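> You'll find work-v4.cif just under this line, and it carries mmCIF, C-alpha atoms.
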data_my_file
#
loop_
_atom_site.group_PDB
_atom_site.id
_atom_site.type_symbol
_atom_site.label_atom_id
_atom_site.label_comp_id
_atom_site.auth_asym_id
_atom_site.auth_seq_id
_atom_site.Cartn_x
_atom_site.Cartn_y
_atom_site.Cartn_z
ATOM 1 C CA GLU G 1 115.296 92.850 91.407
ATOM 2 C CA ALA G 2 113.420 96.092 92.082
ATOM 3 C CA GLN G 3 113.300 96.619 95.806
ATOM 4 C CA VAL G 4 113.502 98.857 98.836
ATOM 5 C CA THR G 5 116.174 97.724 101.265
ATOM 6 C CA GLN G 6 116.134 98.666 104.918
ATOM 7 C CA ASN G 7 118.807 97.963 107.476
ATOM 8 C CA PRO G 8 118.931 96.743 110.112
ATOM 9 C CA ARG G 9 115.891 94.465 110.388
ATOM 10 C CA TYR G 10 116.066 94.422 114.173
ATOM 11 C CA LEU G 11 117.702 96.871 116.548
ATOM 12 C CA ILE G 12 117.774 97.138 120.300
ATOM 13 C CA THR G 13 119.349 100.293 121.684
ATOM 14 C CA VAL G 14 119.487 102.388 124.811
ATOM 15 C CA THR G 15 117.865 105.743 125.438
ATOM 16 C CA GLY G 16 119.894 108.623 124.050
ATOM 17 C CA LYS G 17 122.229 106.678 121.798
ATOM 18 C CA LYS G 18 122.060 108.095 118.283
ATOM 19 C CA LEU G 19 121.134 105.662 115.562
ATOM 20 C CA THR G 20 120.469 105.614 111.836
ATOM 21 C CA VAL G 21 118.184 103.303 109.918
ATOM 22 C CA THR G 22 119.146 103.119 106.274
ATOM 23 C CA CYS G 23 116.803 102.884 103.318
ATOM 24 C CA SER G 24 117.837 102.392 99.734
ATOM 25 C CA GLN G 25 115.831 101.853 96.555
ATOM 26 C CA ASN G 26 117.056 100.767 93.138
ATOM 27 C CA MET G 27 114.096 101.897 91.057
ATOM 28 C CA ASN G 28 115.053 105.546 90.484
ATOM 29 C CA HIS G 29 111.969 106.589 92.434
ATOM 30 C CA GLU G 30 111.543 110.264 93.229
ATOM 31 C CA TYR G 31 109.261 109.948 96.250
ATOM 32 C CA MET G 32 110.394 108.273 99.446
ATOM 33 C CA SER G 33 108.813 108.147 102.849
ATOM 34 C CA TRP G 34 109.170 106.774 106.357
ATOM 35 C CA TYR G 35 106.331 105.354 108.424
ATOM 36 C CA ARG G 36 106.037 103.897 111.851
ATOM 37 C CA GLN G 37 103.530 101.185 112.609
ATOM 38 C CA ASP G 38 102.147 100.782 116.095
ATOM 39 C CA PRO G 39 99.364 98.498 117.354
ATOM 40 C CA GLY G 40 96.023 100.248 117.230
ATOM 41 C CA LEU G 41 97.485 103.293 115.486
ATOM 42 C CA GLY G 42 98.180 101.878 112.040
ATOM 43 C CA LEU G 43 100.768 103.532 109.827
ATOM 44 C CA ARG G 44 101.791 107.069 110.549
ATOM 45 C CA GLN G 45 104.004 109.094 108.248
ATOM 46 C CA ILE G 46 107.168 110.475 109.816
ATOM 47 C CA TYR G 47 108.894 112.255 106.956
ATOM 48 C CA TYR G 48 108.745 112.202 103.216
ATOM 49 C CA SER G 49 110.871 113.377 100.334
ATOM 50 C CA MET G 50 109.663 114.502 96.937
ATOM 51 C CA ASN G 51 113.152 114.382 95.438
ATOM 52 C CA VAL G 52 116.821 114.960 96.202
ATOM 53 C CA GLU G 53 117.295 117.673 98.845
ATOM 54 C CA VAL G 54 113.515 118.048 99.228
ATOM 55 C CA THR G 55 112.152 116.709 102.489
ATOM 56 C CA ASP G 56 109.165 117.560 104.639
ATOM 57 C CA LYS G 57 107.459 116.522 107.829
ATOM 58 C CA GLY G 58 104.727 113.967 107.989
ATOM 59 C CA ASP G 59 102.303 113.571 110.860
ATOM 60 C CA VAL G 60 104.741 112.431 113.560
ATOM 61 C CA PRO G 61 108.174 113.976 112.857
ATOM 62 C CA GLU G 62 109.183 114.792 116.435
ATOM 63 C CA GLY G 63 112.411 113.089 117.454
ATOM 64 C CA TYR G 64 113.396 112.134 113.908
ATOM 65 C CA LYS G 65 115.558 113.583 111.157
ATOM 66 C CA VAL G 66 116.029 112.590 107.548
ATOM 67 C CA SER G 67 118.229 113.527 104.646
ATOM 68 C CA ARG G 68 118.049 112.989 100.906
ATOM 69 C CA LYS G 69 121.463 113.661 99.440
ATOM 70 C CA GLU G 70 121.108 111.023 96.755
ATOM 71 C CA LYS G 71 118.020 109.826 94.979
ATOM 72 C CA ARG G 72 118.362 106.221 96.082
ATOM 73 C CA ASN G 73 118.985 106.756 99.813
ATOM 74 C CA PHE G 74 116.714 108.127 102.517
ATOM 75 C CA PRO G 75 118.114 107.426 105.985
ATOM 76 C CA LEU G 76 116.095 107.936 109.159
ATOM 77 C CA ILE G 77 118.069 109.406 112.048
ATOM 78 C CA LEU G 78 117.132 109.264 115.706
ATOM 79 C CA GLU G 79 119.454 111.725 117.433
ATOM 80 C CA SER G 80 118.407 110.805 120.958
ATOM 81 C CA PRO G 81 116.069 107.813 120.928
ATOM 82 C CA SER G 82 113.470 107.428 123.641
ATOM 83 C CA PRO G 83 111.326 104.433 124.620
ATOM 84 C CA ASN G 84 108.265 105.932 122.917
ATOM 85 C CA GLN G 85 110.090 105.487 119.616
ATOM 86 C CA THR G 86 109.970 101.744 120.041
ATOM 87 C CA SER G 87 108.086 100.723 116.935
ATOM 88 C CA LEU G 88 108.132 98.978 113.572
ATOM 89 C CA TYR G 89 109.478 101.295 110.889
ATOM 90 C CA PHE G 90 108.856 101.056 107.189
ATOM 91 C CA CYS G 91 110.525 102.872 104.349
ATOM 92 C CA ALA G 92 108.621 103.180 101.093
ATOM 93 C CA SER G 93 109.205 104.635 97.660
ATOM 94 C CA SER G 94 107.099 105.564 94.675
ATOM 95 C CA PRO G 95 107.981 106.749 91.152
ATOM 96 C CA THR G 96 106.432 110.102 91.979
ATOM 97 C CA ARG G 97 104.008 111.223 94.644
ATOM 98 C CA LEU G 98 101.030 110.432 92.474
ATOM 99 C CA PHE G 99 102.023 107.555 90.286
ATOM 100 C CA GLY G 100 102.143 103.871 90.909
ATOM 101 C CA GLY G 101 101.699 103.337 94.593
ATOM 102 C CA TYR G 102 104.341 102.421 97.094
ATOM 103 C CA THR G 103 106.977 99.746 97.223
ATOM 104 C CA PHE G 104 107.762 99.016 100.858
ATOM 105 C CA GLY G 105 110.880 97.869 102.594
ATOM 106 C CA SER G 106 110.763 94.833 104.854
ATOM 107 C CA GLY G 107 110.682 96.894 108.026
ATOM 108 C CA THR G 108 112.948 97.643 110.978
ATOM 109 C CA ARG G 109 111.824 96.632 114.426
ATOM 110 C CA LEU G 110 113.357 99.087 116.864
ATOM 111 C CA THR G 111 113.342 98.675 120.629
ATOM 112 C CA VAL G 112 114.607 101.517 122.821
ATOM 113 C CA VAL G 113 115.251 100.549 126.427
ATOM 114 C CA ALA X 1 92.143 118.066 107.256
ATOM 115 C CA GLN X 2 92.011 115.049 105.030
ATOM 116 C CA ARG X 3 90.873 111.920 106.807
ATOM 117 C CA VAL X 4 90.632 108.257 106.026
ATOM 118 C CA THR X 5 88.382 105.939 107.972
ATOM 119 C CA GLN X 6 88.106 102.193 107.951
ATOM 120 C CA PRO X 7 85.235 101.578 110.337
ATOM 121 C CA GLU X 8 85.970 97.918 111.074
ATOM 122 C CA LYS X 9 89.092 97.114 113.060
ATOM 123 C CA LEU X 10 88.383 93.410 112.816
ATOM 124 C CA LEU X 11 86.347 91.490 110.299
ATOM 125 C CA SER X 12 85.752 87.762 110.386
ATOM 126 C CA VAL X 13 84.117 85.861 107.563
ATOM 127 C CA PHE X 14 83.786 82.214 106.656
ATOM 128 C CA LYS X 15 85.683 80.755 103.753
ATOM 129 C CA GLY X 16 83.668 81.136 100.585
ATOM 130 C CA ALA X 17 81.622 84.046 101.916
ATOM 131 C CA PRO X 18 81.730 87.493 100.316
ATOM 132 C CA VAL X 19 84.010 90.101 101.828
ATOM 133 C CA GLU X 20 83.680 93.861 101.910
ATOM 134 C CA LEU X 21 86.279 96.039 103.591
ATOM 135 C CA LYS X 22 85.066 99.588 103.957
ATOM 136 C CA CYS X 23 87.040 102.770 103.377
ATOM 137 C CA ASN X 24 85.782 106.330 103.478
ATOM 138 C CA TYR X 25 87.803 109.425 102.791
ATOM 139 C CA SER X 26 87.358 113.156 103.073
ATOM 140 C CA TYR X 27 89.188 114.859 100.266
ATOM 141 C CA SER X 28 88.256 117.606 97.928
ATOM 142 C CA GLY X 29 88.516 116.847 94.264
ATOM 143 C CA SER X 30 89.360 113.417 92.947
ATOM 144 C CA PRO X 31 91.968 111.538 94.902
ATOM 145 C CA GLU X 32 93.885 108.576 93.625
ATOM 146 C CA LEU X 33 93.068 105.524 95.693
ATOM 147 C CA PHE X 34 95.048 102.482 96.735
ATOM 148 C CA TRP X 35 94.588 99.394 98.829
ATOM 149 C CA TYR X 36 97.553 97.739 100.516
ATOM 150 C CA VAL X 37 97.754 94.354 102.184
ATOM 151 C CA GLN X 38 100.065 93.167 104.943
ATOM 152 C CA TYR X 39 100.271 89.438 105.568
ATOM 153 C CA SER X 40 101.492 88.269 108.931
ATOM 154 C CA ARG X 41 105.069 89.401 109.625
ATOM 155 C CA GLN X 42 105.556 90.681 106.098
ATOM 156 C CA ARG X 43 105.969 94.040 104.451
ATOM 157 C CA LEU X 44 103.041 95.950 103.067
ATOM 158 C CA GLN X 45 102.276 95.246 99.443
ATOM 159 C CA LEU X 46 100.271 97.207 96.970
ATOM 160 C CA LEU X 47 97.074 95.252 96.361
ATOM 161 C CA LEU X 48 95.347 97.422 93.833
ATOM 162 C CA ARG X 49 94.992 100.973 92.641
ATOM 163 C CA HIS X 50 91.817 102.549 91.441
ATOM 164 C CA ILE X 51 93.241 104.090 88.284
ATOM 165 C CA SER X 52 94.295 100.761 86.815
ATOM 166 C CA ARG X 53 90.887 99.120 87.300
ATOM 167 C CA GLU X 54 92.719 95.880 88.053
ATOM 168 C CA SER X 55 91.439 92.868 89.896
ATOM 169 C CA ILE X 56 94.163 91.378 92.048
ATOM 170 C CA LYS X 57 93.719 88.045 93.839
ATOM 171 C CA GLY X 58 90.008 88.341 93.119
ATOM 172 C CA PHE X 59 89.673 91.702 94.882
ATOM 173 C CA THR X 60 88.075 94.739 93.299
ATOM 174 C CA ALA X 61 87.410 98.196 94.635
ATOM 175 C CA ASP X 62 84.748 100.629 93.551
ATOM 176 C CA LEU X 63 85.093 104.332 93.890
ATOM 177 C CA ASN X 64 81.884 106.042 94.898
ATOM 178 C CA LYS X 65 82.501 109.765 94.678
ATOM 179 C CA GLY X 66 79.084 110.609 96.034
ATOM 180 C CA GLU X 67 79.690 108.649 99.219
ATOM 181 C CA THR X 68 83.462 109.299 99.125
ATOM 182 C CA SER X 69 84.067 105.609 99.586
ATOM 183 C CA PHE X 70 86.463 103.080 98.096
ATOM 184 C CA HIS X 71 85.358 99.737 99.483
ATOM 185 C CA LEU X 72 87.354 96.581 98.777
ATOM 186 C CA LYS X 73 85.369 93.525 97.761
ATOM 187 C CA LYS X 74 85.840 89.872 97.012
ATOM 188 C CA PRO X 75 82.995 87.519 96.179
ATOM 189 C CA PHE X 76 84.467 84.391 97.814
ATOM 190 C CA ALA X 77 86.947 84.709 100.671
ATOM 191 C CA GLN X 78 89.900 82.326 100.901
ATOM 192 C CA GLU X 79 91.929 81.449 103.998
ATOM 193 C CA GLU X 80 95.024 83.038 102.449
ATOM 194 C CA ASP X 81 93.190 86.357 102.374
ATOM 195 C CA SER X 82 93.604 86.647 106.142
ATOM 196 C CA ALA X 83 95.717 89.775 106.561
ATOM 197 C CA MET X 84 95.684 93.423 107.476
ATOM 198 C CA TYR X 85 94.247 95.724 104.815
ATOM 199 C CA TYR X 86 94.955 99.427 104.534
ATOM 200 C CA CYS X 87 93.186 101.989 102.427
ATOM 201 C CA ALA X 88 95.378 104.858 101.241
ATOM 202 C CA PRO X 89 93.836 107.700 99.337
ATOM 203 C CA LEU X 90 96.206 110.179 97.811
ATOM 204 C CA GLY X 91 95.015 113.769 97.788
ATOM 205 C CA PRO X 92 94.973 115.724 94.561
ATOM 206 C CA GLU X 93 98.079 117.718 93.820
ATOM 207 C CA ASN X 94 96.325 121.041 93.780
ATOM 208 C CA ASP X 95 95.611 120.616 97.464
ATOM 209 C CA SER X 96 99.344 121.027 97.981
ATOM 210 C CA TYR X 97 99.072 118.100 100.289
ATOM 211 C CA ASP X 98 101.932 115.762 99.692
ATOM 212 C CA LYS X 99 101.503 113.487 102.637
ATOM 213 C CA VAL X 100 100.295 109.983 101.950
ATOM 214 C CA ILE X 101 97.957 108.931 104.695
ATOM 215 C CA PHE X 102 96.895 105.402 105.447
ATOM 216 C CA GLY X 103 93.650 104.392 107.010
ATOM 217 C CA PRO X 104 93.827 102.671 110.410
ATOM 218 C CA GLY X 105 93.535 99.255 108.808
ATOM 219 C CA THR X 106 91.124 96.344 108.977
ATOM 220 C CA SER X 107 92.260 92.937 110.109
ATOM 221 C CA LEU X 108 90.510 90.287 108.034
ATOM 222 C CA SER X 109 90.240 86.793 109.394
ATOM 223 C CA VAL X 110 88.873 84.076 107.137
ATOM 224 C CA ILE X 111 87.493 81.153 109.103
ATOM 225 C CA PRO X 112 87.940 77.719 107.497
#
Reformat the file's structure so that it appears as C-alpha cells.


Amino acid sequence: EAQVTQNPRYLITVTGKKLTVTCSQNMNHEYMSWYRQDPGLGLRQIYYSMNVEVTDKGDVPEGYKVSRKEKRNFPLILESPSPNQTSLYFCASSPTRLFGGYTFGSGTRLTVV
Amino acid sequence: AQRVTQPEKLLSVFKGAPVELKCNYSYSGSPELFWYVQYSRQRLQLLLRHISRESIKGFTADLNKGETSFHLKKPFAQEEDSAMYYCAPLGPENDSYDKVIFGPGTSLSVIP
C-alpha cells in the first residue's frame, strides 16, 4: 500500500532532550516536507526537500533540523526541544514539487514538558 | 510574498444546503491549486486538484484568475462533510518558490 509512515504517533519528552521523528514513504516521491499544525495557526511548513541531499527551510525552521540521505526517508530532528514545539507534526510527500499533490502521514503529537 | 487566505474560520450550514468554502491567493502567473480535507483526528487527504478537473465527493472548485480565487463548492452538504478544509496553491516554478503554503483552513460544520 502506498503510504507515508511517521513514528512515533505520540511522544512526550522533556525540555532539552534530543529527539527524532521518522518519516518514510514507499512511493519513490522526490518531494518531502514537514509541517506543524497548531490551533488557530493552521499548517506551517518547517522544512522541505526537493530530492536526496537537497533540503531547505520553510516558514518556521527554527529549532528543527532535517536530513535527506535516502529518497524514502526524511527525519525531523529536534536537538533541544522546548515547550513551544509542542504541536502536531505531519510529514508529507509528493511525486515532485508540482505534480500530484501531497500524501500525508498520520501525524505525530509531540508534547514537550 | 505569496499569501493564501480563507476568510471564514468557521462555516455552518444545514444538511442539504449548498456549501461554498472561499480561498483567495496572491501569486504571479498561474499556480496549481489543491484542496485538502482533514476529518476529525485523521490525517490530511487530498480532496481535489484544479488541473484534473475532478469532482470528488460532490465537491468542485473553480479557478477564477481575475479574482485570484479557487472556491470549493458542493450543491448539497452532507453530515459527513463536516471537517477542516485547507486550500493550498502551489506557486509557479519560475518564481523559484518551492514552499508549499496552506491556507489557514475553514472548519465546516454540517447541521443535521

> Which residues, named as in the file, does the PyMOL selection byres ((chain G) within 8 of (chain X)) pick out? Answer as a list in words.

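Expected selection for the PyMOL selection byres ((chain G) within 8 of (chain X)) here is Gly40, Leu41, Gly42, Leu43, Arg44, Gln45, Tyr48, Gly58, Arg97, Leu98, Gly100, Gly101, Tyr102, Thr103, Phe104, Gly105, Ser106 and Gly107 of chain G.
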
> Convert the current residue selection to file output with C-alpha atoms, as an mmCIF file, in the frame of the given file.


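Listed below is the output, result_3.cif:
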data_model
loop_
_atom_site.group_PDB
_atom_site.id
_atom_site.type_symbol
_atom_site.label_atom_id
_atom_site.label_comp_id
_atom_site.auth_asym_id
_atom_site.auth_seq_id
_atom_site.Cartn_x
_atom_site.Cartn_y
_atom_site.Cartn_z
ATOM 1 C CA GLY G 40 96.023 100.248 117.230
ATOM 2 C CA LEU G 41 97.485 103.293 115.486
ATOM 3 C CA GLY G 42 98.180 101.878 112.040
ATOM 4 C CA LEU G 43 100.768 103.532 109.827
ATOM 5 C CA ARG G 44 101.791 107.069 110.549
ATOM 6 C CA GLN G 45 104.004 109.094 108.248
ATOM 7 C CA TYR G 48 108.745 112.202 103.216
ATOM 8 C CA GLY G 58 104.727 113.967 107.989
ATOM 9 C CA ARG G 97 104.008 111.223 94.644
ATOM 10 C CA LEU G 98 101.030 110.432 92.474
ATOM 11 C CA GLY G 100 102.143 103.871 90.909
ATOM 12 C CA GLY G 101 101.699 103.337 94.593
ATOM 13 C CA TYR G 102 104.341 102.421 97.094
ATOM 14 C CA THR G 103 106.977 99.746 97.223
ATOM 15 C CA PHE G 104 107.762 99.016 100.858
ATOM 16 C CA GLY G 105 110.880 97.869 102.594
ATOM 17 C CA SER G 106 110.763 94.833 104.854
ATOM 18 C CA GLY G 107 110.682 96.894 108.026
#

> So which residues touch Gln85 in chain G within 8 Å, counting all atoms listed in the file, skipping near sequence neighbours fewer than 3 positions away, as an MDAnalysis selection string?

chainID G and resid 81:82 110:112

> When the PyMOL selection byres ((chain G and resi 78) around 10) is applied to the file above, which residues end up in the set, as JSON, numbers by chain?

{"G": [16, 17, 18, 19, 20, 21, 62, 63, 64, 65, 66, 75, 76, 77, 79, 80, 81, 82, 85]}

> Please indicate the distance in Å from CA of Lys57 in chain G to CA of Ala2 in chain G, rounded to one decimal place.

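Taking CA of Lys57 in chain G and CA of Ala2 in chain G, their separation equals 26.5 Å.
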
> To test your reading of the syntax: which residues would the PyMOL selection byres ((chain G and resi 24-32) around 7) return for the file shown? Reply as number ranges by chain.

G: 2-6, 22-23, 33, 48-51, 71-74, 92-97

> Just how far from CA of Ser87 in chain G is CA of Asn24 in chain X, in Å to one decimal?

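Interatomic distance here is 26.6 Å.
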
> Which residues come within 12 Å of Glu67 in chain X, counting all atoms listed in the file, excluding same-chain residues fewer than 6 positions away, as an MDAnalysis selection string?

chainID X and resid 22:27

> Go ahead and write the residues just picked, C-alpha atoms, as a compact mmCIF listing (two decimals), keeping the file's coordinate frame.


# COMPACT_ATOMS: atom_id res chain seq x y z
CA LYS X 22 85.07 99.59 103.96
CA CYS X 23 87.04 102.77 103.38
CA ASN X 24 85.78 106.33 103.48
CA TYR X 25 87.80 109.42 102.79
CA SER X 26 87.36 113.16 103.07
CA TYR X 27 89.19 114.86 100.27

> State, in Å with one decimal place, the distance from CA of Glu54 in chain X to CA of Ala83 in chain X.

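Separating CA of Glu54 in chain X from CA of Ala83 in chain X is a distance of 19.7 Å.
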
> Please provide as a list in words all residues within 9 Å of Lys57 in chain X, with the sequence filter that same-chain residues fewer than 3 positions apart are discarded (counting all atoms listed in the file).

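What passes the distance filter is Leu47, Thr60, Lys74 and Asp81 of chain X.
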
> Kindly provide, as JSON, the centre and edge lengths (Å, one decimal) of an axis-aligned box around all atoms of range 62-79 of chain X given in the file, with 8 Å on each side.


{"center_x": 85.5, "center_y": 96.0, "center_z": 98.8, "size_x": 28.8, "size_y": 45.2, "size_z": 26.4}

> Would you list the contacts of Ile46 in chain G as a count of residues only, taking every protein, DNA or RNA residue within 7 Å and counting all atoms listed in the file, but skipping same-chain residues closer than 6 positions in sequence?

8

> Counting only C-alpha atoms, note down every residue that has an atom within 7 Å of the point (117.1, 115.0, 99.8) (file coordinates), as a ChimeraX atom specification.

/G:49,51-55,67-70

> Which one is closest to Gln78 in chain X: X:Val13, X:Leu21, X:Leu63, X:Val37? Count all atoms listed in the file.

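Between X:Val13, X:Leu21, X:Leu63, X:Val37, the residue approaching Gln78 in chain X most closely is X:Val13.
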
> Taking N, CA, C and O atoms as the atom set, what does range 2-18 of chain X look like once completed, written as a short mmCIF file (atom, residue, chain, number, x, y, z; two decimals), keeping the file's coordinate frame?


data_model
loop_
_atom_site.label_atom_id
_atom_site.label_comp_id
_atom_site.auth_asym_id
_atom_site.auth_seq_id
_atom_site.Cartn_x
_atom_site.Cartn_y
_atom_site.Cartn_z
N GLN X 2 92.43 116.29 105.67
CA GLN X 2 92.01 115.05 105.03
C GLN X 2 91.99 113.91 106.04
O GLN X 2 92.85 113.82 106.90
N ARG X 3 90.97 113.05 105.91
CA ARG X 3 90.87 111.92 106.81
C ARG X 3 90.52 110.67 106.04
O ARG X 3 89.86 110.71 105.00
N VAL X 4 90.96 109.56 106.58
CA VAL X 4 90.63 108.26 106.03
C VAL X 4 90.07 107.42 107.16
O VAL X 4 90.69 107.32 108.22
N THR X 5 88.94 106.81 106.95
CA THR X 5 88.38 105.94 107.97
C THR X 5 88.14 104.55 107.40
O THR X 5 87.70 104.38 106.27
N GLN X 6 88.46 103.58 108.21
CA GLN X 6 88.11 102.19 107.95
C GLN X 6 87.34 101.75 109.19
O GLN X 6 87.96 101.48 110.22
N PRO X 7 86.04 101.71 109.11
CA PRO X 7 85.24 101.58 110.34
C PRO X 7 85.41 100.26 111.09
O PRO X 7 85.19 100.23 112.29
N GLU X 8 85.81 99.21 110.39
CA GLU X 8 85.97 97.92 111.07
C GLU X 8 87.43 97.67 111.39
O GLU X 8 88.26 97.63 110.50
N LYS X 9 87.73 97.50 112.70
CA LYS X 9 89.09 97.11 113.06
C LYS X 9 89.32 95.65 112.74
O LYS X 9 90.40 95.25 112.31
N LEU X 10 88.29 94.85 113.02
CA LEU X 10 88.38 93.41 112.82
C LEU X 10 87.18 92.95 112.01
O LEU X 10 86.06 93.41 112.26
N LEU X 11 87.44 92.04 111.09
CA LEU X 11 86.35 91.49 110.30
C LEU X 11 86.61 90.00 110.13
O LEU X 11 87.68 89.61 109.67
N SER X 12 85.63 89.21 110.53
CA SER X 12 85.75 87.76 110.39
C SER X 12 84.68 87.27 109.44
O SER X 12 83.51 87.63 109.61
N VAL X 13 85.08 86.45 108.49
CA VAL X 13 84.12 85.86 107.56
C VAL X 13 84.49 84.40 107.38
O VAL X 13 85.63 83.99 107.59
N PHE X 14 83.51 83.61 106.95
CA PHE X 14 83.79 82.21 106.66
C PHE X 14 84.35 82.08 105.24
O PHE X 14 84.03 82.88 104.35
N LYS X 15 85.15 81.07 105.08
CA LYS X 15 85.68 80.76 103.75
C LYS X 15 84.54 80.59 102.77
O LYS X 15 83.53 79.93 103.07
N GLY X 16 84.69 81.22 101.61
CA GLY X 16 83.67 81.14 100.58
C GLY X 16 82.61 82.23 100.66
O GLY X 16 81.83 82.41 99.72
N ALA X 17 82.59 82.96 101.76
CA ALA X 17 81.62 84.05 101.92
C ALA X 17 82.15 85.32 101.25
O ALA X 17 83.37 85.48 101.08
N PRO X 18 81.25 86.23 100.90
CA PRO X 18 81.73 87.49 100.32
C PRO X 18 82.36 88.38 101.39
O PRO X 18 82.02 88.31 102.57
#
